[in-house]
Each structure stands twice: as structure tokens, then as C-alpha cells.
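K.L.:
File name my_file34.csv; file contents CSV, C-alpha atoms; full text below.
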chain,number,residue,atom,x,y,z
A,1,MET,CA,215.7,76.8,155.3
A,2,PRO,CA,215.5,80.2,157.0
A,3,SER,CA,212.0,81.2,157.8
A,4,THR,CA,210.3,84.2,156.2
A,5,THR,CA,210.3,85.9,159.6
A,6,GLU,CA,214.0,85.4,160.0
A,7,ALA,CA,214.7,86.7,156.5
A,8,ALA,CA,212.4,89.7,157.1
A,9,ALA,CA,214.5,90.6,160.2
A,10,LEU,CA,217.5,91.1,157.9
A,11,ILE,CA,215.8,93.9,155.9
A,12,PRO,CA,215.6,97.4,157.3
A,13,ALA,CA,211.9,98.2,157.7
A,14,GLY,CA,212.2,101.9,156.6
A,15,TRP,CA,213.9,100.9,153.4
A,16,ARG,CA,211.1,98.5,152.5
A,17,GLU,CA,208.7,101.4,152.9
A,18,GLN,CA,210.8,103.6,150.6
A,19,VAL,CA,211.0,100.9,147.9
A,20,SER,CA,207.2,100.4,148.1
A,21,LEU,CA,206.8,103.9,146.6
A,22,LEU,CA,208.4,102.9,143.3
A,23,PRO,CA,206.2,102.4,140.3
A,24,ALA,CA,206.6,99.3,138.1
A,25,GLU,CA,209.3,99.4,135.3
A,26,GLY,CA,208.2,96.4,133.3
A,27,GLY,CA,208.1,94.2,136.4
A,28,PRO,CA,206.5,94.3,139.8
A,29,SER,CA,205.8,97.6,141.5
A,30,GLY,CA,208.0,98.4,144.5
A,31,ALA,CA,205.2,97.7,146.8
A,32,ALA,CA,204.5,94.2,145.3
A,33,TRP,CA,208.2,93.4,145.3
A,34,ALA,CA,208.8,94.5,148.8
A,35,ALA,CA,205.9,92.5,150.1
A,36,GLY,CA,207.4,89.3,148.6
A,37,LEU,CA,211.0,90.1,149.5
A,38,PRO,CA,211.3,88.2,152.8
A,39,ARG,CA,210.1,85.0,151.1
A,40,LEU,CA,212.5,85.6,148.1
A,41,LEU,CA,215.4,86.3,150.4
A,42,ALA,CA,214.7,83.1,152.4
A,43,ASP,CA,214.5,81.1,149.2
A,44,LEU,CA,217.8,82.5,147.9
A,45,LEU,CA,219.6,81.8,151.2
A,46,ASP,CA,218.4,78.2,151.0
A,47,HIS,CA,219.1,77.8,147.3
A,48,TRP,CA,222.7,78.9,147.6
A,49,ASP,CA,223.2,77.3,151.1
A,50,LEU,CA,224.1,80.7,152.7
A,51,SER,CA,224.3,81.7,156.3
A,52,PRO,CA,223.7,85.4,157.2
A,53,THR,CA,226.4,86.9,159.3
A,54,GLY,CA,224.8,90.3,159.9
A,55,PRO,CA,221.9,92.6,159.0
A,56,GLY,CA,221.2,93.7,155.5
A,57,MET,CA,222.6,96.9,154.1
A,58,THR,CA,220.7,98.9,151.5
A,59,GLY,CA,221.1,101.2,148.5
A,60,TRP,CA,218.3,102.9,146.6
A,61,THR,CA,216.8,99.7,145.1
A,62,ALA,CA,218.8,96.7,146.6
A,63,VAL,CA,219.4,95.0,149.9
A,64,VAL,CA,222.8,93.4,150.5
A,65,VAL,CA,223.2,90.7,153.1
A,66,PRO,CA,226.7,89.5,154.3
A,67,VAL,CA,226.8,85.8,154.3
A,68,THR,CA,229.1,82.8,154.4
A,69,ARG,CA,229.1,79.6,152.4
A,70,ASP,CA,231.4,76.7,153.5
A,71,GLY,CA,233.2,79.3,155.7
A,72,ASP,CA,233.9,81.7,152.8
A,73,PRO,CA,232.6,85.3,153.2
A,74,LEU,CA,230.2,86.4,150.4
A,75,VAL,CA,227.5,88.9,149.8
A,76,LEU,CA,223.9,88.3,148.7
A,77,LYS,CA,222.5,91.2,146.7
A,78,VAL,CA,218.8,91.3,145.8
A,79,VAL,CA,217.6,94.1,143.5
A,80,TRP,CA,214.2,95.4,142.7
A,81,PRO,CA,213.7,94.8,139.0
A,82,HIS,CA,214.1,98.0,137.0
A,83,HIS,CA,215.7,99.0,133.7
A,84,GLU,CA,219.0,100.3,134.9
A,85,ALA,CA,219.8,97.2,136.9
A,86,ALA,CA,218.7,94.6,134.3
A,87,ALA,CA,222.2,94.1,132.8
A,88,GLU,CA,224.2,94.2,136.1
A,89,PRO,CA,224.9,90.4,136.2
A,90,LEU,CA,225.8,90.5,132.5
A,91,ALA,CA,228.3,93.3,133.0
A,92,LEU,CA,229.9,91.8,136.1
A,93,ARG,CA,230.3,88.5,134.3
A,94,HIS,CA,231.8,90.3,131.4
A,95,TRP,CA,234.3,92.1,133.6
A,96,ALA,CA,235.2,88.9,135.5
A,97,GLY,CA,236.5,90.7,138.5
A,98,ASN,CA,238.8,93.0,136.5
A,99,GLY,CA,238.3,96.3,138.2
A,100,ALA,CA,234.9,95.4,139.6
A,101,VAL,CA,233.5,93.1,142.3
A,102,ARG,CA,233.5,89.5,141.2
A,103,LEU,CA,230.2,87.8,140.5
A,104,VAL,CA,230.1,84.3,142.0
A,105,ALA,CA,226.6,83.3,140.9
A,106,ALA,CA,223.4,85.0,139.7
A,107,GLU,CA,219.6,84.4,139.3
A,108,PRO,CA,218.8,87.3,136.9
A,109,SER,CA,215.1,86.4,136.8
A,110,ARG,CA,214.9,87.0,140.5
A,111,GLY,CA,217.3,90.0,140.7
A,112,ALA,CA,219.7,88.0,142.8
A,113,LEU,CA,223.5,88.2,142.7
A,114,LEU,CA,226.0,86.3,144.9
A,115,LEU,CA,229.2,88.4,145.1
A,116,GLU,CA,232.6,88.4,146.6
A,117,ALA,CA,232.8,90.2,149.9
A,118,LEU,CA,234.3,93.6,150.0
A,119,ASP,CA,234.7,96.1,152.9
A,120,PRO,CA,231.5,98.1,153.0
A,121,THR,CA,232.9,100.5,155.7
A,122,THR,CA,235.7,101.8,153.4
A,123,ASP,CA,235.0,103.7,150.2
A,124,LEU,CA,236.6,106.7,148.5
A,125,GLN,CA,234.7,109.3,150.5
A,126,GLY,CA,237.6,109.5,153.0
A,127,GLU,CA,240.5,109.6,150.5
A,128,PRO,CA,242.1,112.8,149.3
A,129,VAL,CA,239.8,113.9,146.4
A,130,GLU,CA,242.4,113.9,143.7
A,131,ASP,CA,243.7,110.5,144.8
A,132,ALA,CA,240.1,109.3,144.7
A,133,CYS,CA,239.6,110.7,141.2
A,134,GLU,CA,242.8,108.9,140.0
A,135,VAL,CA,241.4,105.6,141.4
A,136,ILE,CA,238.1,106.1,139.6
A,137,GLY,CA,239.9,107.0,136.4
A,138,GLY,CA,242.1,103.9,136.6
A,139,LEU,CA,239.1,101.7,137.2
A,140,LEU,CA,237.2,103.2,134.3
A,141,ARG,CA,240.2,102.5,132.0
A,142,ARG,CA,240.0,98.8,132.9
A,143,LEU,CA,236.2,98.6,132.8
A,144,HIS,CA,236.0,100.2,129.3
A,145,VAL,CA,235.9,97.0,127.2
A,146,PRO,CA,233.8,96.2,124.1
A,147,ALA,CA,230.1,96.0,125.1
A,148,PRO,CA,228.5,92.6,125.0
A,149,PRO,CA,225.0,92.1,123.3
A,150,ARG,CA,221.8,92.7,125.3
A,151,VAL,CA,223.0,95.8,127.1
A,152,ARG,CA,220.8,98.9,126.7
A,153,THR,CA,222.5,101.5,124.5
A,154,LEU,CA,223.4,105.1,124.7
A,155,SER,CA,221.7,105.8,121.4
A,156,ASP,CA,218.4,104.7,122.9
A,157,TRP,CA,219.1,106.8,126.0
A,158,LEU,CA,219.8,109.9,123.8
A,159,GLU,CA,216.6,109.3,121.9
A,160,ARG,CA,214.5,109.3,125.1
A,161,GLN,CA,216.2,112.5,126.4
A,162,LEU,CA,215.6,114.3,123.1
A,163,GLY,CA,211.9,113.4,123.5
A,164,ARG,CA,211.9,114.9,127.0
A,165,LEU,CA,213.4,118.3,126.1
A,166,PRO,CA,210.2,120.0,124.8
A,167,GLN,CA,208.3,119.0,127.9
A,168,HIS,CA,210.6,121.1,130.2
A,169,ALA,CA,210.6,124.4,128.4
A,170,ASP,CA,209.1,126.1,131.5
A,171,THR,CA,211.1,124.3,134.2
A,172,VAL,CA,214.7,124.1,132.9
A,173,PRO,CA,216.6,127.1,131.5
A,174,ARG,CA,216.1,127.4,127.7
A,175,ARG,CA,219.8,127.9,127.0
A,176,MET,CA,220.6,124.7,128.8
A,177,LEU,CA,217.9,122.8,126.8
A,178,ASP,CA,219.1,124.2,123.5
A,179,GLN,CA,222.8,123.4,124.3
A,180,ALA,CA,221.9,119.9,125.3
A,181,GLU,CA,219.8,119.3,122.2
A,182,SER,CA,222.7,120.4,120.0
A,183,LEU,CA,225.2,118.2,121.9
A,184,MET,CA,222.9,115.2,121.9
A,185,ARG,CA,222.5,115.3,118.1
A,186,GLN,CA,226.2,115.9,117.6
A,187,LEU,CA,227.5,113.2,120.1
A,188,GLY,CA,224.9,110.7,118.9
A,189,THR,CA,226.7,110.5,115.5
A,190,VAL,CA,230.3,109.9,116.8
A,191,PRO,CA,231.8,106.6,115.7
A,192,ASP,CA,231.2,103.6,117.9
A,193,VAL,CA,228.7,105.5,120.1
A,194,ASP,CA,227.4,102.2,121.5
A,195,GLY,CA,230.6,100.3,121.5
A,196,THR,CA,232.0,100.4,125.0
A,197,LEU,CA,230.7,98.8,128.2
A,198,LEU,CA,230.0,101.5,130.7
A,199,HIS,CA,229.4,101.4,134.5
A,200,THR,CA,227.6,104.8,134.3
A,201,ASP,CA,227.4,105.3,138.1
A,202,LEU,CA,231.1,105.2,139.3
A,203,HIS,CA,231.4,107.8,142.1
A,204,PHE,CA,233.2,107.9,145.4
A,205,GLN,CA,230.7,105.7,147.2
A,206,ASN,CA,230.6,103.0,144.6
A,207,VAL,CA,234.2,102.0,145.0
A,208,LEU,CA,235.0,99.8,148.0
A,209,ALA,CA,238.2,98.5,149.6
A,210,ALA,CA,238.9,94.9,148.7
A,211,GLY,CA,241.2,92.1,149.7
A,212,ARG,CA,242.6,90.9,146.3
A,213,GLU,CA,243.0,94.6,145.2
A,214,ARG,CA,243.0,97.9,147.0
A,215,TRP,CA,239.8,99.2,145.3
A,216,LEU,CA,237.0,97.7,143.2
A,217,ALA,CA,233.9,99.1,141.6
A,218,ILE,CA,230.4,98.0,142.7
A,219,ASP,CA,226.8,98.7,141.6
A,220,PRO,CA,227.0,99.3,137.9
A,221,LYS,CA,224.1,100.5,135.9
A,222,PRO,CA,225.4,99.1,132.6
A,223,LEU,CA,225.1,100.9,129.3
A,224,ALA,CA,226.7,100.4,125.9
A,225,GLY,CA,228.1,103.8,125.0
A,226,ARG,CA,231.0,106.2,124.9
A,227,PRO,CA,233.6,106.4,127.7
A,228,GLY,CA,233.1,110.2,128.1
A,229,PHE,CA,229.6,109.6,129.3
A,230,GLU,CA,231.0,108.1,132.6
A,231,LEU,CA,232.3,111.3,134.2
A,232,ALA,CA,229.3,113.1,135.6
A,233,PRO,CA,228.9,110.8,138.7
A,234,VAL,CA,232.3,112.0,140.0
A,235,LEU,CA,230.6,115.4,140.6
A,236,TRP,CA,227.6,114.1,142.5
A,237,ASN,CA,229.0,113.7,146.0
A,238,ARG,CA,231.6,115.3,148.3
A,239,LEU,CA,229.8,118.5,147.2
A,240,ASP,CA,231.0,120.5,150.2
A,241,GLU,CA,234.5,120.2,148.8
A,242,LEU,CA,233.6,121.9,145.5
A,243,GLY,CA,233.4,125.4,147.0
A,244,THR,CA,231.4,128.3,145.6
A,245,GLY,CA,231.8,130.8,142.8
A,246,SER,CA,235.0,130.6,140.8
A,247,ALA,CA,236.3,127.9,143.2
A,248,PHE,CA,233.3,125.7,142.3
A,249,ARG,CA,234.1,125.9,138.6
A,250,TRP,CA,237.8,125.2,139.1
A,251,SER,CA,237.1,122.2,141.4
A,252,VAL,CA,234.5,120.6,139.1
A,253,ARG,CA,236.8,120.9,136.1
A,254,ARG,CA,239.8,119.7,138.0
A,255,ARG,CA,238.0,116.5,139.1
A,256,LEU,CA,237.1,115.9,135.4
A,257,GLN,CA,240.7,116.6,134.3
A,258,VAL,CA,242.2,114.1,136.8
A,259,VAL,CA,239.7,111.3,136.0
A,260,CYS,CA,240.1,111.8,132.2
A,261,GLU,CA,243.9,111.7,132.4
A,262,ALA,CA,243.8,108.4,134.4
A,263,ALA,CA,241.1,106.9,132.2
A,264,GLY,CA,242.4,108.0,128.9
A,265,ILE,CA,239.2,109.9,128.0
A,266,ASP,CA,239.1,113.0,125.9
A,267,GLU,CA,238.4,115.9,128.3
A,268,ASP,CA,236.5,118.1,125.8
A,269,GLU,CA,234.2,115.2,124.9
A,270,ALA,CA,233.7,114.4,128.6
A,271,ARG,CA,232.7,118.0,129.3
A,272,ALA,CA,230.1,117.8,126.5
A,273,TRP,CA,228.6,114.6,128.0
A,274,VAL,CA,228.5,116.2,131.4
A,275,VAL,CA,226.2,119.0,130.0
A,276,VAL,CA,224.0,116.3,128.4
A,277,ARG,CA,223.8,114.2,131.6
A,278,GLU,CA,223.2,117.2,133.8
A,279,THR,CA,220.4,118.4,131.6
A,280,ALA,CA,218.8,115.0,132.0
A,281,GLU,CA,219.3,115.3,135.8
A,282,ALA,CA,217.8,118.8,135.7
A,283,MET,CA,214.7,117.5,133.9
A,284,SER,CA,214.2,114.7,136.4
A,285,ALA,CA,214.7,117.1,139.3
A,286,ALA,CA,212.1,119.4,137.8
A,287,ASP,CA,209.7,116.5,137.5
A,288,ASP,CA,210.3,115.6,141.2
A,289,GLY,CA,210.0,119.2,142.4
A,290,ASP,CA,213.6,118.9,143.8
A,291,ARG,CA,214.9,122.5,143.7
A,292,ASP,CA,218.3,121.7,145.2
A,293,ALA,CA,219.0,118.9,142.7
A,294,LEU,CA,217.8,121.2,139.9
A,295,THR,CA,220.2,124.0,141.0
A,296,LEU,CA,223.1,121.6,141.3
A,297,ALA,CA,222.5,120.2,137.8
A,298,ILE,CA,222.4,123.7,136.3
A,299,SER,CA,225.5,124.7,138.1
A,300,LEU,CA,227.5,121.7,137.0
A,301,ALA,CA,226.4,122.2,133.4
A,302,LYS,CA,227.4,125.9,133.5
A,303,ALA,CA,230.8,124.9,134.9
A,304,MET,CA,231.6,123.1,131.6
A,305,ASP,CA,231.4,126.3,129.6
A,306,ASP,CA,234.6,127.9,128.5
Would you put the structure from the file into C-alpha cells?
P.N.:
Amino acid sequence: MPSTTEAAALIPAGWREQVSLLPAEGGPSGAAWAAGLPRLLADLLDHWDLSPTGPGMTGWTAVVVPVTRDGDPLVLKVVWPHHEAAAEPLALRHWAGNGAVRLVAAEPSRGALLLEALDPTTDLQGEPVEDACEVIGGLLRRLHVPAPPRVRTLSDWLERQLGRLPQHADTVPRRMLDQAESLMRQLGTVPDVDGTLLHTDLHFQNVLAAGRERWLAIDPKPLAGRPGFELAPVLWNRLDELGTGSAFRWSVRRRLQVVCEAAGIDEDEARAWVVVRETAEAMSAADDGDRDALTLAISLAKAMDD
């Protein structure tokens, strides 16, 4: 069994410090979880008989370690327990590798997933942007299957956002809040609002090159909802390519158009969901005091107006 010290060496120290700042979301705080992560990682390597082949890579709330088992390359992902990640193993098992990374095994109670190995050095950041948008749309079309039970719902998400709106009257433009409230109430009544399994975070960096297919989706934050809710993340990176002024509006709407065409999503509904999601992003940015993120969210929502 790997020692705790050996396991700790696989985890970037700066990332553990970052995770330690996270408050608890129904489980351990980031600090408590990070303190026990080396022992947890050592236990999981032993439990699945895995041999690390390199240092861990990190996202916001997970460490990913390249490993082998019986000579086969795999990836061990260990996630800090939080609401958005709770259904990740359920969603990956439901997709069964169709458009998404394949789940080999999982220990949901410990936030552990054993996954097929993809190429972490190659994502959609370097592809021509319209080609990348077509890839994302094609993946979304495949991932949009009937939602299984026990996945958090878009209806619940909308209810929480409606409750947040009055708290931001002084930090987010009133027109944006009013428009979002109207759209939330309207969109919340559409048929089958909680019927489709959504990834909700499919952007250029969450699609990796693979061996069995050219591209596969990773890191879902599953939700049972409407397909049009999926589009906003495509606007969240490669920001320098969006331009300014009228070019910004054209570029934002063109990305949406390409993804919607490839995914089979109604573009008008998608634009409405972008306004809703960007309003939620604006409220979070205001709470965090992040002026740049607040400005971006407002600009993206404005770009949806005809």
C-alpha cells in the first residue's frame, strides 16, 4: 500500500491550500477534506490496486492522478464533496461512455472515480472556434438522454435563484434582475423542464482528446433539466476571441448558433437560458466582489437582446 507521504507527494500543495478555503456543503469543509486527502488517496490506490504514473492534476475541486492497473492506463479522480459533483458518477454510468469519459468504477461515498485515460494535454482550446462549437454541440446531442432519478433538478435551481434576486437589487442592474425573474417564471413552466440529463459545464476545456473517439466530455455537474440550459459555458473561455463592441455581440451569438444547430436546441430558448444563467453568475460575482466576472456576465446577458 502506498504511504500517506507518497500519496501526498502526488497532490499539488498550492491546490490543497486553495481547497482548504471552501466552506462545507453538507459534508466536510475544504480544510478538513484536504487534511485527510493524502490518506484517502493512499487508501484508494491500494483498494483498486493502482500504480501512479505521474503527479496529480487539479481542477477547482478535484485531483486527478494518472495510474495503471494490470498495465492498462486509467485515471483516479478524487473530488471534494459538494452539491454540484454529487451525481457525477451516476451521470457517467448513465451515459456509459457515449459522448463522455467512461466510468470504470466508483466509490461515491468517498468522492472517488476510476476513469478511462484521455489526453489531458489536448482539449478544444486550440481548435478553430466554430469547429470546437460544432464538437460541443454534437456531444450535447448525444448526452441529452432522459434524466435518471436522484439527480438535482432545474426546477429546484430556479427556485433558489428566484430567492436570490431580491438580495441583489443594489449590486446587479435592475433591468437584468427583472428580465431574469420574468424568464425564470416563464421557463420554469415549459413541458418536461426536469426531463433531460444535462452536463451543465461543457466548455472548451472540458472536452479532451481520446483514443476510442476523437473527443469526449469530462467533469459534468449533472442536472435534470432543459437542453437549452447547457449553452452558457461555451461563452466562458476563449474570451479574447469574442472581440469588443458589435463584434462581441456577433461572436457570442454566433457561438450559440453553431452549438444549437449541432445539438438540435432551439436557439431562442437557449438565449433566454443564457440570460438566466448569466444573472445567476452576476449575483455570485457580486457576492464575491469580482468586478471582472460581474462585467462579463452583464455583457453576455446584454448580447442576447434583440
K.L.:
Find the distance between atom CA of A:Thr171 and atom CA of A:Met283 and write it in Å to one decimal.
P.N.:
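About the pair atom CA of A:Thr171 and atom CA of A:Met283: they are 7.7 Å apart.
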K.L.:
I'd like the neighbourhood of A:Ala132 as a list in words, where a residue qualifies if any of its atoms comes within 10 Å (using only C-alpha atoms), though same-chain residues fewer than 2 positions away should be ignored.
P.N.:
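The residues satisfying every condition are Asp123, Leu124, Gln125, Gly126, Glu127, Pro128, Val129, Glu130, Glu134, Val135, Ile136, Gly137, Gly138, His203, Phe204, Val207, Val234, Arg255, Val258 and Val259 of chain A.
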K.L.:
So how many Å separate atom CA of A:Asp194 and atom CA of A:Ser284, to one decimal?
P.N.:
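Separation of atom CA of A:Asp194 and atom CA of A:Ser284: 23.5 Å.
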K.L.:
In terms of the shortest atom-to-atom distance over only C-alpha atoms, which of A:Ala91, A:Ala263, A:Val151, A:Leu41 is closest to A:Gly111?
P.N.:
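Nearest candidate to A:Gly111 out of A:Ala91, A:Ala263, A:Val151, A:Leu41: A:Leu41.
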K.L.:
Have a look at atom CA of A:Leu294 and atom CA of A:Val63 and let me know their distance in Å, one decimal.
P.N.:
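Atom-to-atom, atom CA of A:Leu294 and atom CA of A:Val63 are spaced 28.1 Å apart.
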K.L.:
Excluding A:Gln161 and residues on its chain fewer than 5 positions from it, collect all residues at most 9 Å away from it, counting all atoms listed in the file, and give them as a PyMOL selection string.
P.N.:
chain A and resi 156+181+184+276+279-280
K.L.:
Pick the closest to A:Thr68 from A:Gly264, A:Gly54, A:Gly36, A:Pro89: which is it, counting all atoms listed in the file?
P.N.:
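Nearest candidate to A:Thr68 out of A:Gly264, A:Gly54, A:Gly36, A:Pro89: A:Gly54.
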K.L.:
Would you mind telling me which residue in A:Gln18, A:Asn237, A:Ser246, A:Ser251 lies nearest to A:Leu296 when using only C-alpha atoms?
P.N.:
A:Asn237
K.L.:
Taking all atoms listed in the file into account, which of A:Leu223, A:Ala35, A:Ala7, A:Ile218 comes nearest A:Ser20?
P.N.:
A:Ala35
K.L.:
Select, counting all atoms listed in the file, all protein, DNA and RNA residues no farther than 12 Å from (210.7, 97.7, 155.0) in file coordinates, and express the selection as a VMD selection string.
P.N.:
chain A and resid 7 to 21 30 to 31 33 to 38 56 to 58 61 to 63
K.L.:
Using all atoms listed in the file, which of the listed residues (A:Ala117, A:Val78, A:Leu143, A:Ala303) sits closest to A:Leu208?
P.N.:
A:Ala117
K.L.:
Around (229.3, 106.5, 137.2), as given in the file, which residues come within 10 Å? Count all atoms listed in the file and list them as a list in words.
P.N.:
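Answer for this query, in the requested form: Ile136, Leu140, Leu198, His199, Thr200, Asp201, Leu202, His203, Phe204, Asn206, Ala217, Asp219, Pro220, Lys221, Pro222, Phe229, Glu230, Leu231, Ala232, Pro233, Val234, Leu235 and Trp236 of chain A.
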K.L.:
With distances taken over only C-alpha atoms, which residue among A:Val145, A:Ala106, A:Leu216, A:Leu45 lies nearest A:Pro2?
P.N.:
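Result for the nearest residue to A:Pro2: A:Leu45.
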K.L.:
Might you pull out every residue within 8 Å of A:Ala270, with all atoms listed in the file counted and same-chain residues fewer than 3 positions away left off, and present them as a ChimeraX atom specification?
P.N.:
/A:228-231,256,260,265-267,273-274
K.L.:
Give me the residues near A:Ser299 as a list in words, where near means some atom within 9 Å (using all atoms listed in the file) and where sequence neighbours in that chain fewer than 5 positions away do not count.
P.N.:
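In the requested form, the answer reads Phe248, Arg249, Glu278 and Leu294 of chain A.
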